[in-house]
$ cat data.tsv   # TSV, C-alpha atoms
chain	number	residue	atom	x	y	z
A	35	MET	CA	73.89	159.25	136.04
A	36	ALA	CA	74.95	156.11	137.80
A	37	GLY	CA	76.19	154.70	134.51
A	38	ALA	CA	78.37	157.68	133.73
A	39	TYR	CA	81.35	156.26	135.51
A	40	GLU	CA	82.34	152.86	136.70
A	41	LYS	CA	84.84	151.65	139.26
A	42	ALA	CA	87.02	148.70	138.60
A	43	PRO	CA	87.34	146.31	141.55
A	44	GLY	CA	90.35	147.29	143.66
A	45	ASP	CA	90.77	150.61	141.80
A	46	HIS	CA	89.85	153.73	143.76
A	47	ARG	CA	89.87	156.10	140.71
A	48	ARG	CA	86.79	156.92	138.68
A	49	LYS	CA	86.68	155.69	135.12
A	50	TRP	CA	84.60	158.08	132.98
A	51	ASP	CA	82.38	156.72	130.29
A	52	ARG	CA	83.49	158.82	127.30
A	53	ASP	CA	80.67	157.68	125.02
A	54	GLU	CA	78.05	158.84	127.53
A	55	TYR	CA	79.55	162.33	127.89
A	56	GLU	CA	80.07	162.74	124.14
A	57	ARG	CA	76.40	161.89	123.62
A	58	LEU	CA	75.37	164.50	126.27
A	59	ALA	CA	77.57	167.18	124.67
A	60	GLN	CA	76.13	166.42	121.23
A	61	GLU	CA	72.57	166.74	122.58
A	62	ARG	CA	73.42	170.10	124.19
A	63	LEU	CA	74.87	171.40	120.89
A	64	GLU	CA	71.77	170.34	118.99
A	65	GLU	CA	69.52	172.11	121.51
A	66	GLU	CA	71.55	175.34	121.21
A	67	GLN	CA	71.38	175.21	117.40
A	68	LEU	CA	67.60	174.73	117.54
A	69	LYS	CA	67.25	177.73	119.87
A	70	LEU	CA	69.33	179.89	117.50
A	71	LEU	CA	67.23	178.85	114.50
A	72	GLU	CA	64.00	179.63	116.36
A	73	LYS	CA	65.34	183.04	117.38
A	74	GLU	CA	66.33	183.87	113.78
A	75	LEU	CA	62.90	182.84	112.53
A	76	ARG	CA	61.16	185.02	115.11
A	77	GLU	CA	63.38	188.09	114.55
A	78	PRO	CA	64.16	188.90	110.91
A	79	HIS	CA	67.83	189.81	110.46
A	80	GLN	CA	68.32	193.52	109.91
A	81	LYS	CA	70.62	194.37	107.01
A	82	ARG	CA	72.93	197.20	108.02
A	83	GLU	CA	74.91	199.60	105.84
A	84	LEU	CA	78.63	199.18	105.47
A	85	LEU	CA	80.83	201.51	107.50
A	86	LYS	CA	81.51	204.79	105.69
A	87	PRO	CA	83.51	207.94	106.52
A	88	ARG	CA	82.00	210.70	108.61
A	89	GLU	CA	80.63	213.63	106.58
A	90	TYR	CA	80.85	216.17	109.40
A	91	LYS	CA	83.55	217.53	111.69
A	92	VAL	CA	83.41	216.38	115.31
A	93	ASP	CA	83.14	219.44	117.56
A	94	LEU	CA	85.43	218.94	120.56
A	95	ASP	CA	86.59	222.54	121.06
A	96	SER	CA	83.35	224.53	121.45
A	97	LYS	CA	83.01	223.94	125.22
A	98	LEU	CA	86.74	224.08	125.92
A	99	GLY	CA	87.60	226.46	128.76
A	100	LYS	CA	83.98	227.39	129.50
A	101	SER	CA	82.16	226.89	132.78
A	102	GLN	CA	78.50	225.99	133.07
A	103	VAL	CA	76.01	225.83	135.94
A	104	ILE	CA	74.30	222.45	136.20
A	105	THR	CA	71.23	221.79	138.36
A	106	LYS	CA	69.16	218.70	139.05
A	107	THR	CA	66.65	219.77	136.42
A	108	THR	CA	69.22	220.44	133.67
A	109	PRO	CA	68.49	218.20	130.66
A	110	ALA	CA	71.13	215.62	129.72
A	111	SER	CA	72.01	217.45	126.50
A	112	GLN	CA	73.11	220.54	128.48
A	113	GLN	CA	74.99	218.82	131.28
A	114	GLY	CA	78.75	218.86	131.60
A	115	GLY	CA	80.57	216.71	129.07
A	116	TYR	CA	79.84	215.65	125.52
A	117	TYR	CA	76.28	214.68	124.61
A	118	CYS	CA	75.55	212.05	121.95
A	119	ASN	CA	72.07	212.67	120.57
A	120	VAL	CA	72.07	209.36	118.65
A	121	CYS	CA	72.57	207.23	121.78
A	122	ASP	CA	71.13	209.79	124.25
A	123	CYS	CA	74.11	209.63	126.60
A	124	VAL	CA	76.65	212.02	128.12
A	125	VAL	CA	80.37	211.24	127.98
A	126	LYS	CA	82.63	213.17	130.35
A	127	ASP	CA	85.79	213.73	128.29
A	128	SER	CA	86.84	214.10	124.66
A	129	ILE	CA	88.87	210.89	124.41
A	130	ASN	CA	85.98	208.76	125.65
A	131	PHE	CA	83.60	210.66	123.39
A	132	LEU	CA	85.74	209.84	120.35
A	133	ASP	CA	85.89	206.21	121.48
A	134	HIS	CA	82.09	206.23	121.81
A	135	ILE	CA	81.32	207.68	118.37
A	136	ASN	CA	83.77	205.27	116.74
A	137	GLY	CA	82.41	202.32	118.71
A	138	LYS	CA	80.11	199.48	117.79
A	139	LYS	CA	77.07	200.62	119.83
A	140	HIS	CA	77.01	204.11	118.29
A	141	GLN	CA	77.50	202.77	114.75
A	142	ARG	CA	74.66	200.27	115.25
A	143	ASN	CA	72.36	203.06	116.41
A	144	LEU	CA	73.27	204.92	113.20
A	145	GLY	CA	72.27	201.82	111.22
A	146	MET	CA	75.77	200.74	110.18
A	147	SER	CA	77.73	197.59	110.76
A	148	MET	CA	81.44	197.63	111.59
A	149	LYS	CA	82.28	196.03	108.24
A	150	ILE	CA	83.82	198.09	105.47
A	151	GLU	CA	83.38	197.77	101.72
A	152	ARG	CA	86.15	195.83	100.01
A	153	SER	CA	87.84	197.83	97.30
A	154	SER	CA	88.26	196.33	93.86
A	155	LEU	CA	91.52	196.41	91.92
A	156	ASP	CA	90.19	199.12	89.59
A	157	GLN	CA	89.23	201.36	92.53
A	158	VAL	CA	92.72	201.01	94.04
A	159	LYS	CA	94.38	201.83	90.70
A	160	LYS	CA	92.18	204.94	90.29
A	161	ARG	CA	93.05	206.09	93.80
A	162	PHE	CA	96.78	205.68	93.07
A	163	GLU	CA	96.39	207.74	89.87
A	164	ILE	CA	94.58	210.53	91.72
A	165	ASN	CA	97.24	210.64	94.43
A	166	LYS	CA	100.01	210.63	91.84
A	167	LYS	CA	98.43	213.62	90.05
A	168	LYS	CA	98.15	215.51	93.34
A	169	MET	CA	101.83	214.92	94.11
A	170	GLU	CA	102.85	216.16	90.62
A	171	GLU	CA	100.76	219.32	91.06
A	172	LYS	CA	102.44	220.03	94.39
A	173	LYS	CA	105.88	219.66	92.79
A	174	LYS	CA	104.91	222.09	90.00
A	175	GLU	CA	103.55	224.63	92.46
A	176	TYR	CA	106.71	224.60	94.58
A	177	ASP	CA	109.23	227.11	93.19
A	178	PHE	CA	112.49	227.34	95.15
A	179	GLU	CA	113.48	230.90	94.14
A	180	GLU	CA	110.03	232.26	94.86
A	181	ARG	CA	110.01	230.54	98.24
A	182	LEU	CA	113.40	232.08	99.14
A	183	LYS	CA	112.10	235.53	98.24
A	184	GLU	CA	109.01	235.01	100.41
A	185	LEU	CA	111.14	233.89	103.35
A	186	LYS	CA	113.39	236.97	103.07
A	187	GLU	CA	110.37	239.28	102.96
A	188	GLU	CA	108.89	237.56	105.99
A	189	GLU	CA	112.19	237.88	107.87
A	190	GLU	CA	112.38	241.63	107.08
A	191	LYS	CA	108.82	242.12	108.31
A	192	GLN	CA	109.67	240.31	111.55
A	193	LYS	CA	112.76	242.50	112.09
A	194	ALA	CA	110.78	245.70	111.47
A	195	TYR	CA	108.04	244.54	113.83
A	196	LYS	CA	110.53	243.71	116.60
A	197	LYS	CA	112.28	247.06	116.14
A	198	GLU	CA	108.96	248.90	116.42
A	199	LYS	CA	108.02	246.94	119.54
A	200	ARG	CA	111.39	247.75	121.14
A	201	LYS	CA	110.91	251.48	120.47
A	202	GLU	CA	107.38	251.36	121.87
A	203	ARG	CA	108.54	249.59	125.05
A	204	LYS	CA	111.28	252.14	125.50
A	205	ARG	CA	108.81	255.04	125.19
A	206	LYS	CA	106.41	253.45	127.71
A	207	ALA	CA	109.16	252.66	130.22
A	208	ASP	CA	110.72	256.14	130.27
A	209	PRO	CA	108.21	258.88	129.30
A	210	ASP	CA	110.39	261.76	130.73
A	211	SER	CA	113.29	261.06	128.41
A	212	SER	CA	111.37	262.11	125.32
A	213	ASP	CA	113.05	264.45	122.86
A	214	GLY	CA	110.86	267.53	123.47
A	215	PRO	CA	108.71	268.74	126.37
A	216	SER	CA	105.75	266.55	127.23
A	217	ASP	CA	102.17	267.56	126.46
A	218	MET	CA	101.44	268.44	130.09
A	219	ALA	CA	104.51	270.64	130.33
A	220	ALA	CA	103.57	272.42	127.11
A	221	VAL	CA	100.05	273.11	128.40
A	222	MET	CA	101.37	274.53	131.69
A	223	GLY	CA	103.95	276.61	129.88
A	224	PHE	CA	107.23	275.03	131.09
A	225	SER	CA	109.93	273.51	129.08
A	226	GLY	CA	110.78	271.07	131.87
A	227	PHE	CA	110.40	270.39	135.59
A	228	GLY	CA	113.77	271.72	136.65
A	229	THR	CA	115.92	268.68	136.15
A	230	SER	CA	119.40	269.11	134.89
A	231	LYS	CA	119.25	265.78	133.08
A	232	LYS	CA	118.35	265.96	129.41
$ encode --input "data.tsv" --output "structure tokens"
Amino acid sequence: MAGAYEKAPGDHRRKWDRDEYERLAQERLEEEQLKLLEKELREPHQKRELLKPREYKVDLDSKLGKSQVITKTTPASQQGGYYCNVCDCVVKDSINFLDHINGKKHQRNLGMSMKIERSSLDQVKKRFEINKKKMEEKKKEYDFEERLKELKEEEEKQKAYKKEKRKERKRKADPDSSDGPSDMAAVMGFSGFGTSKK
């Protein structure tokens, strides 16, 4: 490496030999490319499926609000948190679990790449037509007069329910102020317990 830099007489700064370092960098790049080619030849490239939508609902609510006893011998699938059976790991909270199942490692273990299929022009046009038909059906189904009638009926039901609740609360709060003698008084044979208040 003595030839890599040279000093001019009377100049204290190093003068780098650019040609030498460019040659060294080129050699290093060639070595790295050779290593990559050898690695590809040894390991055949695995063709993965394109990313597709999930066909099942992710269950995040089943363990919500429940407590569970965990011991040293409890298997990983029954420990606290969310268990991923594809990757054999436990994630402690729902947000991280969603991040995990949408992540690259999980998708690779499922045999999918993170690339999605490109839609053709015909597919996009068909999708627009389907969505347009759905919107038209919703407009046809929506009838303003019928909706008003339903809202009025619902409002009347709510009023009747509230009125019934109020009466029930009143009866529970003041059982002595009932219209006739109570059941106990009738069994014992009195009409009241001697109060002047009626």
$ closest_atom_pairs --input "data.tsv" --of "segment 97-148 of chain A" --to "segment 79-90 of chain A" --cutoff "8 Å" --atoms "all atoms listed in the file" --output "JSON lines"
{"residue": "A:Gly145", "atom": "CA", "partner": "A:Arg82", "partner_atom": "CA", "distance": 5.7}
{"residue": "A:Met146", "atom": "CA", "partner": "A:Glu83", "partner_atom": "CA", "distance": 4.6}
{"residue": "A:Ser147", "atom": "CA", "partner": "A:Arg82", "partner_atom": "CA", "distance": 5.5}
{"residue": "A:Met148", "atom": "CA", "partner": "A:Leu85", "partner_atom": "CA", "distance": 5.7}
$ residues_around --input "data.tsv" --residues "segment 129-140 of chain A" --least-positions-apart "4" --cutoff "10 Å" --atoms "all atoms listed in the file" --output "PyMOL selection string"
chain A and resi 88+92+94+115-118+120-121+123-125+144-148
$ write_last_selection --input "data.tsv" --atoms "C-alpha atoms" --output "PDB file, in the coordinates of the input"
ATOM      1  CA  ARG A  88      82.000 210.700 108.610  1.00  0.00           C
ATOM      2  CA  VAL A  92      83.410 216.380 115.310  1.00  0.00           C
ATOM      3  CA  LEU A  94      85.430 218.940 120.560  1.00  0.00           C
ATOM      4  CA  GLY A 115      80.570 216.710 129.070  1.00  0.00           C
ATOM      5  CA  TYR A 116      79.840 215.650 125.520  1.00  0.00           C
ATOM      6  CA  TYR A 117      76.280 214.680 124.610  1.00  0.00           C
ATOM      7  CA  CYS A 118      75.550 212.050 121.950  1.00  0.00           C
ATOM      8  CA  VAL A 120      72.070 209.360 118.650  1.00  0.00           C
ATOM      9  CA  CYS A 121      72.570 207.230 121.780  1.00  0.00           C
ATOM     10  CA  CYS A 123      74.110 209.630 126.600  1.00  0.00           C
ATOM     11  CA  VAL A 124      76.650 212.020 128.120  1.00  0.00           C
ATOM     12  CA  VAL A 125      80.370 211.240 127.980  1.00  0.00           C
ATOM     13  CA  LEU A 144      73.270 204.920 113.200  1.00  0.00           C
ATOM     14  CA  GLY A 145      72.270 201.820 111.220  1.00  0.00           C
ATOM     15  CA  MET A 146      75.770 200.740 110.180  1.00  0.00           C
ATOM     16  CA  SER A 147      77.730 197.590 110.760  1.00  0.00           C
ATOM     17  CA  MET A 148      81.440 197.630 111.590  1.00  0.00           C
TER      18      MET A 148
END
$ atom_distance --input "data.tsv" --atom1 "atom CA of Leu70 of chain A" --atom2 "atom CA of Asn143 of chain A"
23.4 Å
$ atom_distance --input "data.tsv" --atom1 "atom CA of Asp127 of chain A" --atom2 "atom CA of Lys91 of chain A"
17.2 Å
$ axis_aligned_box --input "data.tsv" --around "segment 167-184 of chain A" --padding-each-side "3 Å" --output "lines of an AutoDock Vina configuration file"
center_x = 105.8
center_y = 224.6
center_z = 95.2
size_x = 21.3
size_y = 27.9
size_z = 16.4
$ atom_distance --input "data.tsv" --atom1 "atom CA of Gln113 of chain A" --atom2 "atom CA of Leu98 of chain A"
13.9 Å
